[in-house]
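Engineer: File name my_file39.cif; file contents mmCIF, C-alpha atoms; full text below.
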data_upload
loop_
_atom_site.group_PDB
_atom_site.id
_atom_site.type_symbol
_atom_site.label_atom_id
_atom_site.label_comp_id
_atom_site.auth_asym_id
_atom_site.auth_seq_id
_atom_site.Cartn_x
_atom_site.Cartn_y
_atom_site.Cartn_z
ATOM 1 C CA MET A 1 -56.201 0.139 14.222
ATOM 2 C CA THR A 2 -54.082 3.244 14.857
ATOM 3 C CA LEU A 3 -54.630 6.653 13.329
ATOM 4 C CA LEU A 4 -51.598 6.085 11.121
ATOM 5 C CA ASP A 5 -52.914 2.751 9.855
ATOM 6 C CA SER A 6 -56.306 4.243 9.113
ATOM 7 C CA GLY A 7 -54.753 6.987 6.998
ATOM 8 C CA ASP A 8 -56.527 9.723 8.971
ATOM 9 C CA TRP A 9 -53.686 12.223 8.637
ATOM 10 C CA SER A 10 -55.673 15.212 9.855
ATOM 11 C CA ALA A 11 -56.459 13.404 13.103
ATOM 12 C CA LEU A 12 -52.842 12.248 13.365
ATOM 13 C CA LEU A 13 -51.470 15.771 13.005
ATOM 14 C CA PHE A 14 -54.048 17.792 14.947
ATOM 15 C CA GLN A 15 -56.148 15.568 17.211
ATOM 16 C CA PRO A 16 -53.623 15.439 20.104
ATOM 17 C CA PHE A 17 -53.697 19.235 20.342
ATOM 18 C CA ILE A 18 -57.504 19.316 20.141
ATOM 19 C CA GLU A 19 -58.110 16.661 22.785
ATOM 20 C CA PHE A 20 -55.404 17.285 25.377
ATOM 21 C CA GLY A 21 -54.744 20.511 27.230
ATOM 22 C CA PHE A 22 -51.151 19.603 28.073
ATOM 23 C CA MET A 23 -50.394 19.236 24.358
ATOM 24 C CA ARG A 24 -51.881 22.661 23.613
ATOM 25 C CA ARG A 25 -49.845 24.263 26.416
ATOM 26 C CA ALA A 26 -46.697 22.542 25.160
ATOM 27 C CA LEU A 27 -47.298 23.780 21.616
ATOM 28 C CA VAL A 28 -47.927 27.358 22.771
ATOM 29 C CA ALA A 29 -44.761 27.228 24.884
ATOM 30 C CA VAL A 30 -42.681 26.027 21.942
ATOM 31 C CA VAL A 31 -44.154 28.689 19.636
ATOM 32 C CA ALA A 32 -43.378 31.420 22.186
ATOM 33 C CA LEU A 33 -39.842 30.091 22.687
ATOM 34 C CA SER A 34 -39.339 29.981 18.929
ATOM 35 C CA MET A 35 -40.430 33.587 18.463
ATOM 36 C CA GLY A 36 -38.004 34.876 21.079
ATOM 37 C CA ALA A 37 -35.076 32.469 20.987
ATOM 38 C CA ALA A 38 -34.623 31.836 17.264
ATOM 39 C CA PRO A 39 -33.926 35.514 16.324
ATOM 40 C CA LEU A 40 -31.399 35.673 19.167
ATOM 41 C CA GLY A 41 -29.780 32.538 17.792
ATOM 42 C CA CYS A 42 -29.423 34.258 14.415
ATOM 43 C CA LEU A 43 -27.617 37.204 16.018
ATOM 44 C CA LEU A 44 -25.298 34.851 17.903
ATOM 45 C CA VAL A 45 -24.518 32.986 14.670
ATOM 46 C CA LEU A 46 -23.723 36.235 12.836
ATOM 47 C CA ARG A 47 -21.398 37.278 15.674
ATOM 48 C CA ARG A 48 -19.653 33.873 15.694
ATOM 49 C CA MET A 49 -20.947 33.370 19.231
ATOM 50 C CA SER A 50 -22.915 30.182 18.617
ATOM 51 C CA LEU A 51 -21.311 28.334 21.524
ATOM 52 C CA VAL A 52 -21.979 31.216 23.922
ATOM 53 C CA GLY A 53 -25.632 30.158 24.017
ATOM 54 C CA ASP A 54 -24.568 26.648 24.965
ATOM 55 C CA ALA A 55 -22.227 28.018 27.624
ATOM 56 C CA MET A 56 -24.941 30.134 29.229
ATOM 57 C CA ALA A 57 -27.422 27.256 29.098
ATOM 58 C CA HIS A 58 -24.998 25.211 31.205
ATOM 59 C CA ALA A 59 -24.350 28.202 33.446
ATOM 60 C CA LEU A 60 -28.019 28.196 34.476
ATOM 61 C CA LEU A 61 -27.565 24.913 36.282
ATOM 62 C CA PRO A 62 -26.007 25.980 39.617
ATOM 63 C CA GLY A 63 -28.519 28.789 40.089
ATOM 64 C CA ALA A 64 -31.436 26.530 39.198
ATOM 65 C CA ALA A 65 -30.022 23.895 41.549
ATOM 66 C CA ILE A 66 -29.783 26.368 44.432
ATOM 67 C CA GLY A 67 -33.347 27.518 43.751
ATOM 68 C CA TYR A 68 -34.504 23.898 43.699
ATOM 69 C CA LEU A 69 -32.718 23.045 46.943
ATOM 70 C CA MET A 70 -34.210 26.093 48.669
ATOM 71 C CA ALA A 71 -37.798 25.869 47.398
ATOM 72 C CA GLY A 72 -38.217 22.573 45.540
ATOM 73 C CA LEU A 73 -39.691 22.634 42.032
ATOM 74 C CA SER A 74 -40.619 26.305 42.360
ATOM 75 C CA LEU A 75 -40.832 28.137 39.048
ATOM 76 C CA THR A 76 -39.916 31.486 40.623
ATOM 77 C CA ALA A 77 -36.961 30.218 42.691
ATOM 78 C CA MET A 78 -35.418 28.126 39.906
ATOM 79 C CA SER A 79 -35.931 30.834 37.274
ATOM 80 C CA MET A 80 -34.420 33.593 39.418
ATOM 81 C CA GLY A 81 -31.524 31.365 40.467
ATOM 82 C CA GLY A 82 -30.807 30.316 36.903
ATOM 83 C CA PHE A 83 -31.029 33.884 35.598
ATOM 84 C CA VAL A 84 -28.646 35.247 38.237
ATOM 85 C CA ALA A 85 -26.142 32.404 37.758
ATOM 86 C CA ALA A 86 -26.050 32.691 33.965
ATOM 87 C CA LEU A 87 -25.831 36.486 34.134
ATOM 88 C CA LEU A 88 -22.897 36.257 36.558
ATOM 89 C CA VAL A 89 -21.130 33.859 34.193
ATOM 90 C CA ALA A 90 -21.728 36.198 31.235
ATOM 91 C CA LEU A 91 -20.522 39.276 33.133
ATOM 92 C CA GLY A 92 -17.568 37.402 34.640
ATOM 93 C CA ALA A 93 -16.418 36.037 31.295
ATOM 94 C CA GLY A 94 -16.758 39.495 29.742
ATOM 95 C CA ALA A 95 -14.762 41.109 32.553
ATOM 96 C CA VAL A 96 -11.953 38.548 32.198
ATOM 97 C CA THR A 97 -11.858 39.131 28.450
ATOM 98 C CA ARG A 98 -11.612 42.912 28.846
ATOM 99 C CA ARG A 99 -8.980 42.851 31.609
ATOM 100 C CA THR A 100 -6.714 40.049 30.390
ATOM 101 C CA GLY A 101 -7.077 40.012 26.618
ATOM 102 C CA GLN A 102 -8.179 36.368 26.704
ATOM 103 C CA ARG A 103 -10.549 35.448 23.880
ATOM 104 C CA GLU A 104 -14.220 35.630 24.851
ATOM 105 C CA ASP A 105 -14.946 32.047 23.811
ATOM 106 C CA ALA A 106 -12.152 30.773 26.083
ATOM 107 C CA SER A 107 -13.468 32.791 29.035
ATOM 108 C CA PHE A 108 -16.996 31.505 28.507
ATOM 109 C CA ALA A 109 -15.712 27.928 28.219
ATOM 110 C CA ALA A 110 -13.880 28.131 31.531
ATOM 111 C CA PHE A 111 -16.755 29.777 33.396
ATOM 112 C CA TYR A 112 -19.490 27.523 32.058
ATOM 113 C CA LEU A 113 -17.571 24.309 32.753
ATOM 114 C CA ILE A 114 -17.035 25.414 36.345
ATOM 115 C CA ALA A 115 -20.711 26.367 36.649
ATOM 116 C CA LEU A 116 -21.848 23.077 35.118
ATOM 117 C CA ALA A 117 -19.695 21.044 37.501
ATOM 118 C CA LEU A 118 -20.967 23.057 40.475
ATOM 119 C CA GLY A 119 -24.594 22.592 39.453
ATOM 120 C CA VAL A 120 -24.246 18.833 38.939
ATOM 121 C CA LEU A 121 -22.450 18.566 42.292
ATOM 122 C CA LEU A 122 -25.187 20.467 44.136
ATOM 123 C CA ILE A 123 -28.012 18.396 42.695
ATOM 124 C CA SER A 124 -26.166 15.093 42.997
ATOM 125 C CA THR A 125 -25.278 15.601 46.660
ATOM 126 C CA HIS A 126 -28.541 17.182 47.827
ATOM 127 C CA GLY A 127 -31.071 15.823 45.352
ATOM 128 C CA SER A 128 -31.407 12.710 43.221
ATOM 129 C CA SER A 129 -30.685 11.495 39.715
ATOM 130 C CA VAL A 130 -34.343 12.133 38.841
ATOM 131 C CA ASP A 131 -33.979 15.767 39.931
ATOM 132 C CA LEU A 132 -30.835 16.141 37.815
ATOM 133 C CA ILE A 133 -32.529 14.680 34.732
ATOM 134 C CA HIS A 134 -35.504 17.006 35.225
ATOM 135 C CA VAL A 135 -33.304 20.112 35.347
ATOM 136 C CA LEU A 136 -31.070 19.017 32.444
ATOM 137 C CA PHE A 137 -33.767 17.795 30.075
ATOM 138 C CA GLY A 138 -37.089 19.147 31.384
ATOM 139 C CA SER A 139 -40.458 18.086 29.988
ATOM 140 C CA VAL A 140 -42.331 20.372 27.646
ATOM 141 C CA LEU A 141 -45.408 18.181 28.117
ATOM 142 C CA ALA A 142 -45.468 19.172 31.798
ATOM 143 C CA VAL A 143 -45.607 22.940 31.191
ATOM 144 C CA ASP A 144 -48.144 24.534 33.524
ATOM 145 C CA ASN A 145 -49.917 27.879 33.226
ATOM 146 C CA ALA A 146 -47.303 29.728 35.292
ATOM 147 C CA ALA A 147 -44.456 28.508 33.095
ATOM 148 C CA LEU A 148 -46.481 29.380 30.003
ATOM 149 C CA VAL A 149 -46.978 32.950 31.221
ATOM 150 C CA LEU A 150 -43.248 33.234 31.955
ATOM 151 C CA VAL A 151 -42.251 31.993 28.488
ATOM 152 C CA ALA A 152 -44.776 34.281 26.763
ATOM 153 C CA ALA A 153 -43.621 37.299 28.780
ATOM 154 C CA ILE A 154 -39.957 36.645 27.972
ATOM 155 C CA ALA A 155 -40.753 36.255 24.260
ATOM 156 C CA SER A 156 -42.724 39.526 24.260
ATOM 157 C CA VAL A 157 -39.940 41.475 25.998
ATOM 158 C CA THR A 158 -37.374 39.938 23.639
ATOM 159 C CA LEU A 159 -39.242 40.964 20.500
ATOM 160 C CA LEU A 160 -39.781 44.493 21.860
ATOM 161 C CA ALA A 161 -36.086 44.871 22.766
ATOM 162 C CA LEU A 162 -34.966 43.549 19.371
ATOM 163 C CA ALA A 163 -37.265 46.020 17.627
ATOM 164 C CA LEU A 164 -35.893 48.958 19.660
ATOM 165 C CA LEU A 165 -32.220 47.987 19.223
ATOM 166 C CA TYR A 166 -32.444 46.450 15.753
ATOM 167 C CA ARG A 167 -30.073 48.850 13.988
ATOM 168 C CA PRO A 168 -27.200 48.827 16.525
ATOM 169 C CA LEU A 169 -27.513 45.040 16.891
ATOM 170 C CA VAL A 170 -27.234 44.591 13.122
ATOM 171 C CA VAL A 171 -24.362 47.054 12.749
ATOM 172 C CA GLU A 172 -22.411 45.533 15.625
ATOM 173 C CA SER A 173 -22.923 42.054 14.200
ATOM 174 C CA PHE A 174 -21.178 43.041 10.975
ATOM 175 C CA ASP A 175 -18.869 45.920 11.966
ATOM 176 C CA ALA A 176 -18.455 46.498 15.694
ATOM 177 C CA THR A 177 -15.448 48.784 15.092
ATOM 178 C CA PHE A 178 -17.535 51.211 13.038
ATOM 179 C CA LEU A 179 -20.221 51.356 15.724
ATOM 180 C CA ARG A 180 -17.604 52.220 18.350
ATOM 181 C CA SER A 181 -16.046 54.856 16.084
ATOM 182 C CA VAL A 182 -19.328 56.764 15.837
ATOM 183 C CA ASP A 183 -20.032 56.424 19.578
ATOM 184 C CA GLY A 184 -22.892 54.043 18.951
ATOM 185 C CA PRO A 185 -24.474 51.935 21.721
ATOM 186 C CA GLY A 186 -22.303 48.918 20.971
ATOM 187 C CA ALA A 187 -21.671 47.911 24.588
ATOM 188 C CA LEU A 188 -25.340 48.430 25.461
ATOM 189 C CA SER A 189 -26.584 46.324 22.554
ATOM 190 C CA HIS A 190 -24.066 43.567 23.325
ATOM 191 C CA ASN A 191 -25.074 43.430 26.987
ATOM 192 C CA VAL A 192 -28.770 43.500 26.106
ATOM 193 C CA LEU A 193 -28.191 40.594 23.728
ATOM 194 C CA LEU A 194 -26.542 38.570 26.500
ATOM 195 C CA VAL A 195 -29.316 39.389 28.993
ATOM 196 C CA LEU A 196 -32.014 38.432 26.477
ATOM 197 C CA THR A 197 -30.182 35.194 25.698
ATOM 198 C CA VAL A 198 -30.045 34.330 29.388
ATOM 199 C CA ALA A 199 -33.731 35.217 29.852
ATOM 200 C CA ASN A 200 -34.835 33.013 26.943
ATOM 201 C CA LEU A 201 -32.742 30.122 28.204
ATOM 202 C CA VAL A 202 -34.337 30.551 31.641
ATOM 203 C CA GLY A 203 -37.783 30.365 30.045
ATOM 204 C CA GLY A 204 -36.701 27.447 27.890
ATOM 205 C CA PHE A 205 -35.193 25.325 30.617
ATOM 206 C CA GLN A 206 -38.512 25.212 32.499
ATOM 207 C CA ALA A 207 -40.007 23.458 29.491
ATOM 208 C CA MET A 208 -37.094 21.676 27.819
ATOM 209 C CA GLY A 209 -34.279 21.631 30.363
ATOM 210 C CA THR A 210 -30.962 23.452 30.213
ATOM 211 C CA LEU A 211 -29.457 21.158 27.557
ATOM 212 C CA MET A 212 -32.421 21.115 25.164
ATOM 213 C CA ALA A 213 -33.412 24.798 25.378
ATOM 214 C CA VAL A 214 -30.262 25.950 23.620
ATOM 215 C CA GLY A 215 -30.967 23.476 20.805
ATOM 216 C CA LEU A 216 -34.183 25.256 19.895
ATOM 217 C CA MET A 217 -32.307 28.559 19.981
ATOM 218 C CA MET A 218 -29.291 27.628 17.864
ATOM 219 C CA VAL A 219 -30.056 24.717 15.498
ATOM 220 C CA PRO A 220 -32.849 26.439 13.490
ATOM 221 C CA ALA A 221 -30.734 29.611 13.260
ATOM 222 C CA ILE A 222 -27.755 27.669 11.918
ATOM 223 C CA ALA A 223 -29.986 25.765 9.467
ATOM 224 C CA ALA A 224 -31.681 28.943 8.199
ATOM 225 C CA ARG A 225 -28.273 30.461 7.441
ATOM 226 C CA PHE A 226 -27.940 28.020 4.523
ATOM 227 C CA TRP A 227 -30.992 29.556 2.825
ATOM 228 C CA VAL A 228 -30.982 33.323 3.465
ATOM 229 C CA ARG A 229 -28.408 35.966 4.340
ATOM 230 C CA ASP A 230 -30.411 39.073 5.328
ATOM 231 C CA LEU A 231 -31.078 39.213 9.059
ATOM 232 C CA GLY A 232 -34.827 39.892 8.869
ATOM 233 C CA PRO A 233 -35.703 36.933 6.625
ATOM 234 C CA LEU A 234 -33.100 34.844 8.457
ATOM 235 C CA ALA A 235 -34.785 35.412 11.838
ATOM 236 C CA LEU A 236 -38.218 34.748 10.333
ATOM 237 C CA LEU A 237 -37.131 31.485 8.713
ATOM 238 C CA ALA A 238 -35.326 30.339 11.869
ATOM 239 C CA ALA A 239 -38.424 31.025 13.988
ATOM 240 C CA LEU A 240 -40.599 29.154 11.490
ATOM 241 C CA MET A 241 -38.235 26.162 11.511
ATOM 242 C CA ALA A 242 -38.253 26.174 15.306
ATOM 243 C CA MET A 243 -42.053 26.249 15.438
ATOM 244 C CA VAL A 244 -42.419 23.402 12.929
ATOM 245 C CA SER A 245 -39.753 21.433 14.797
ATOM 246 C CA GLY A 246 -41.759 21.899 17.992
ATOM 247 C CA TRP A 247 -45.004 20.808 16.338
ATOM 248 C CA ILE A 248 -43.536 17.694 14.711
ATOM 249 C CA GLY A 249 -41.419 16.875 17.771
ATOM 250 C CA LEU A 250 -44.455 17.025 20.051
ATOM 251 C CA LEU A 251 -46.382 14.719 17.719
ATOM 252 C CA LEU A 252 -43.492 12.252 17.686
ATOM 253 C CA SER A 253 -43.328 12.431 21.459
ATOM 254 C CA PHE A 254 -47.068 11.785 21.774
ATOM 255 C CA HIS A 255 -47.465 9.001 19.201
ATOM 256 C CA ALA A 256 -44.130 7.216 19.692
ATOM 257 C CA ASP A 257 -43.772 7.778 23.448
ATOM 258 C CA LEU A 258 -40.473 9.662 23.089
ATOM 259 C CA PRO A 259 -38.973 12.364 25.344
ATOM 260 C CA SER A 260 -40.395 15.635 24.054
ATOM 261 C CA GLY A 261 -37.330 17.898 24.312
ATOM 262 C CA PRO A 262 -34.892 15.610 22.466
ATOM 263 C CA ALA A 263 -37.568 14.834 19.850
ATOM 264 C CA ILE A 264 -38.003 18.552 19.103
ATOM 265 C CA VAL A 265 -34.265 19.193 18.826
ATOM 266 C CA LEU A 266 -33.752 16.121 16.625
ATOM 267 C CA VAL A 267 -36.450 17.357 14.240
ATOM 268 C CA ALA A 268 -34.595 20.680 14.131
ATOM 269 C CA GLY A 269 -31.477 18.616 13.416
ATOM 270 C CA GLY A 270 -33.325 17.130 10.449
ATOM 271 C CA PHE A 271 -33.919 20.649 9.118
ATOM 272 C CA TYR A 272 -30.198 21.282 9.548
ATOM 273 C CA ALA A 273 -29.259 18.119 7.633
ATOM 274 C CA VAL A 274 -31.575 19.033 4.741
ATOM 275 C CA SER A 275 -30.240 22.600 4.726
ATOM 276 C CA LEU A 276 -26.655 21.369 4.785
ATOM 277 C CA LEU A 277 -27.302 19.267 1.677
ATOM 278 C CA PHE A 278 -29.669 21.450 -0.350
ATOM 279 C CA GLY A 279 -29.180 24.989 1.009
ATOM 280 C CA ARG A 280 -28.843 27.871 -1.464
ATOM 281 C CA HIS A 281 -25.775 29.242 0.323
ATOM 282 C CA GLU A 282 -22.869 26.873 0.931
ATOM 283 C CA GLY A 283 -25.046 23.751 0.704
ATOM 284 C CA LEU A 284 -23.029 20.658 -0.208
ATOM 285 C CA LEU A 285 -24.983 19.902 -3.381
ATOM 286 C CA ARG A 286 -24.859 23.558 -4.411
ATOM 287 C CA ARG A 287 -21.094 23.551 -3.967
ATOM 288 C CA GLY A 288 -20.750 20.307 -5.878
ATOM 289 C CA PHE A 289 -19.137 18.366 -2.999
ATOM 290 C CA PRO A 290 -15.808 20.258 -3.143
ATOM 291 C CA LEU A 291 -14.170 17.657 -0.922
ATOM 292 C CA GLN A 292 -14.040 15.389 -3.991
ATOM 293 C CA ALA A 293 -11.451 17.727 -5.474
ATOM 294 C CA ALA A 294 -8.980 16.590 -2.844
ATOM 295 C CA TRP A 295 -8.956 13.074 -4.251
ATOM 296 C CA PRO A 296 -6.456 12.293 -7.069
#
Represent the structure contained in this file as C-alpha cells.
Structural biologist:
Amino acid sequence: MTLLDSGDWSALLFQPFIEFGFMRRALVAVVALSMGAAPLGCLLVLRRMSLVGDAMAHALLPGAAIGYLMAGLSLTAMSMGGFVAALLVALGAGAVTRRTGQREDASFAAFYLIALALGVLLISTHGSSVDLIHVLFGSVLAVDNAALVLVAAIASVTLLALALLYRPLVVESFDATFLRSVDGPGALSHNVLLVLTVANLVGGFQAMGTLMAVGLMMVPAIAARFWVRDLGPLALLAALMAMVSGWIGLLLSFHADLPSGPAIVLVAGGFYAVSLLFGRHEGLLRRGFPLQAAWP
C-alpha cells in the first residue's frame, strides 16, 4: 500500500524531505532561487522584457559548454563560462540597440539565437546527447553542497542589490524618461538588473538547466500580475508561488518518477492557468469572457 492509498497525507507531503538529504538540498535550492529570481521576473514583466530572461537563459549555453569542455562537470568553470557568455550577449544586444536604433527585443533575439546555436554545436560535436540534456534541463535532485552555496549566495546578493536600488528600479520600470530627466541612475539600475538576471540564471541552470531556470523566474511573476499591481506585494506573491511550485514539483518528481525541473515549471504553469481564469486583474472570469462579444 502506498502513502497515497493509506491516506497519510502528512507523510506524503513531508516524509521525502525528512528522509532524504538530496530532497532537502533540492528544496533549499528552489527556495533560494525563488527568493532571488521571482522579484527579478516581476521587474522584467513590468518593463515588458519578459522574453529577455529567456534570451539570456539560452545565451548561457555556449559559455557553459566551453566550461564543460575545458573542465568537465565543474561548477566553477560552467558557471563562469555561462555568466560571461550571457553578459556578453546582454551588453552586445544593448550596444546594437543604442548604436543602430534597432529595438532591444530584436537585438536580444538575434544574439541569443546565435548563442544557442553555438552552444548546441559545441556540445554536440565535442560531447554527447546526455551532456546536452544535462546542460539544457539539469537535475535539481542532483544539487550538491557547492551548487547550493552558489545559489544561496546569488540570492543573497540579489536581495541586497534590489533593496539598495529599489527606488530607481521602480521609477525606471514605470517612467524611464523621468528618471533620465532628473539625472537619476537609470543606466546603472538597468545594467544591474541585467547582471542580476544573468547571475540568477547561472545559479538556476546548475539545478534546473538553462531552459527550466527561466521558467521559475518568469512564470510565477506573470501569474502574480493577475492578482496584485504594487511591486512589493507582486514580488512577494511571485516568490511564494515559485516556492510552492518547487515544493509540489519536487513531490511529483519523487512520487511519480518525473523529471524535477519540468515538473516544477508545470506546477508554476498551473498557478498561471488558475490566475488567468480567476485573477482579480484582467482574469478571464473577472472580465466576463470578452471574446464572446465578438460573436453575433
Engineer: Of the candidates A:Ala115, A:Leu251, A:Ala223, A:Leu164, which shows the shortest atom-to-atom distance to A:Ile264, using all atoms listed in the file?
Structural biologist: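 So, comparing all the options, the nearest one is A:Leu251.
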Engineer: Considering all atoms listed in the file, state which residue in the set A:Ser50, A:Thr97, A:Ser189, A:Asn200 is at the smallest distance from A:Ser34.
Structural biologist: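 Selected residue with least distance to A:Ser34: A:Asn200.
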Engineer: Please evaluate the PyMOL selection byres ((chain A and resi 19-30) around 7) against the structure above and give the resulting residues as a ChimeraX atom specification.
Structural biologist: /A:15-18,31-34,140-143,148,151,243,246-247
Engineer: Take the residues from that selection and put them in a file with C-alpha atoms, as a PDB file, keeping the file's coordinate frame.
Structural biologist:
ATOM      1  CA  GLN A  15     -56.148  15.568  17.211  1.00  0.00           C
ATOM      2  CA  PRO A  16     -53.623  15.439  20.104  1.00  0.00           C
ATOM      3  CA  PHE A  17     -53.697  19.235  20.342  1.00  0.00           C
ATOM      4  CA  ILE A  18     -57.504  19.316  20.141  1.00  0.00           C
ATOM      5  CA  VAL A  31     -44.154  28.689  19.636  1.00  0.00           C
ATOM      6  CA  ALA A  32     -43.378  31.420  22.186  1.00  0.00           C
ATOM      7  CA  LEU A  33     -39.842  30.091  22.687  1.00  0.00           C
ATOM      8  CA  SER A  34     -39.339  29.981  18.929  1.00  0.00           C
ATOM      9  CA  VAL A 140     -42.331  20.372  27.646  1.00  0.00           C
ATOM     10  CA  LEU A 141     -45.408  18.181  28.117  1.00  0.00           C
ATOM     11  CA  ALA A 142     -45.468  19.172  31.798  1.00  0.00           C
ATOM     12  CA  VAL A 143     -45.607  22.940  31.191  1.00  0.00           C
ATOM     13  CA  LEU A 148     -46.481  29.380  30.003  1.00  0.00           C
ATOM     14  CA  VAL A 151     -42.251  31.993  28.488  1.00  0.00           C
ATOM     15  CA  MET A 243     -42.053  26.249  15.438  1.00  0.00           C
ATOM     16  CA  GLY A 246     -41.759  21.899  17.992  1.00  0.00           C
ATOM     17  CA  TRP A 247     -45.004  20.808  16.338  1.00  0.00           C
TER      18      TRP A 247
END
Engineer: Which of these, A:Leu12, A:Met212, A:Ala187, A:Val45, has the shortest distance to A:Leu231 once you count all atoms listed in the file?
Structural biologist: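 Among A:Leu12, A:Met212, A:Ala187, A:Val45, it is A:Val45 that comes nearest to A:Leu231.
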Engineer: Using only C-alpha atoms, pick whichever of A:Leu118, A:Ala213, A:Val267, A:Ala109 has the shortest atom-to-atom distance to A:Met49.
Structural biologist: A:Ala109
Engineer: Might I get the box with edges along x, y and z of the file that holds all atoms of stretch 101-105 of chain A listed there, padded by 5 Å on every side, given as centre and edge lengths in Å to one decimal, as JSON?
Structural biologist:
{"center_x": -11.0, "center_y": 36.0, "center_z": 25.3, "size_x": 17.9, "size_y": 18.0, "size_z": 12.9}
Engineer: Which residues of stretch 178-245 of chain A sit at most 9 Å from stretch 153-163 of chain A, using all atoms listed in the file? Give each one's shortest atom pair and distance in Å (one decimal place), in chain and ascending residue order, as CSV.
Structural biologist:
residue,atom,partner,partner_atom,distance
A:Val192,CA,A:Ala161,CA,8.2
A:Leu193,CA,A:Leu162,CA,8.6
A:Leu196,CA,A:Thr158,CA,6.2
A:Thr197,CA,A:Thr158,CA,8.9
A:Ala199,CA,A:Ile154,CA,6.7
A:Asn200,CA,A:Ile154,CA,6.4
A:Gly203,CA,A:Ile154,CA,7.0
Engineer: Quick one: pull the distance between atom CA of A:Val202 and atom CA of A:Leu60, Å, one decimal.
Structural biologist: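 That distance, rounded to one decimal, is 7.3 Å.
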Engineer: Between atom CA of A:Gly261 and atom CA of A:Met208, what is the distance, to one decimal in Å?
Structural biologist: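 The value is 5.2 Å.
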Engineer: Taking all atoms listed in the file into account, name the residue in A:Leu234, A:Gly81, A:His255, A:Leu69 that is nearest to A:Phe14.
Structural biologist: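 For A:Phe14, the nearest of the candidates is A:His255.
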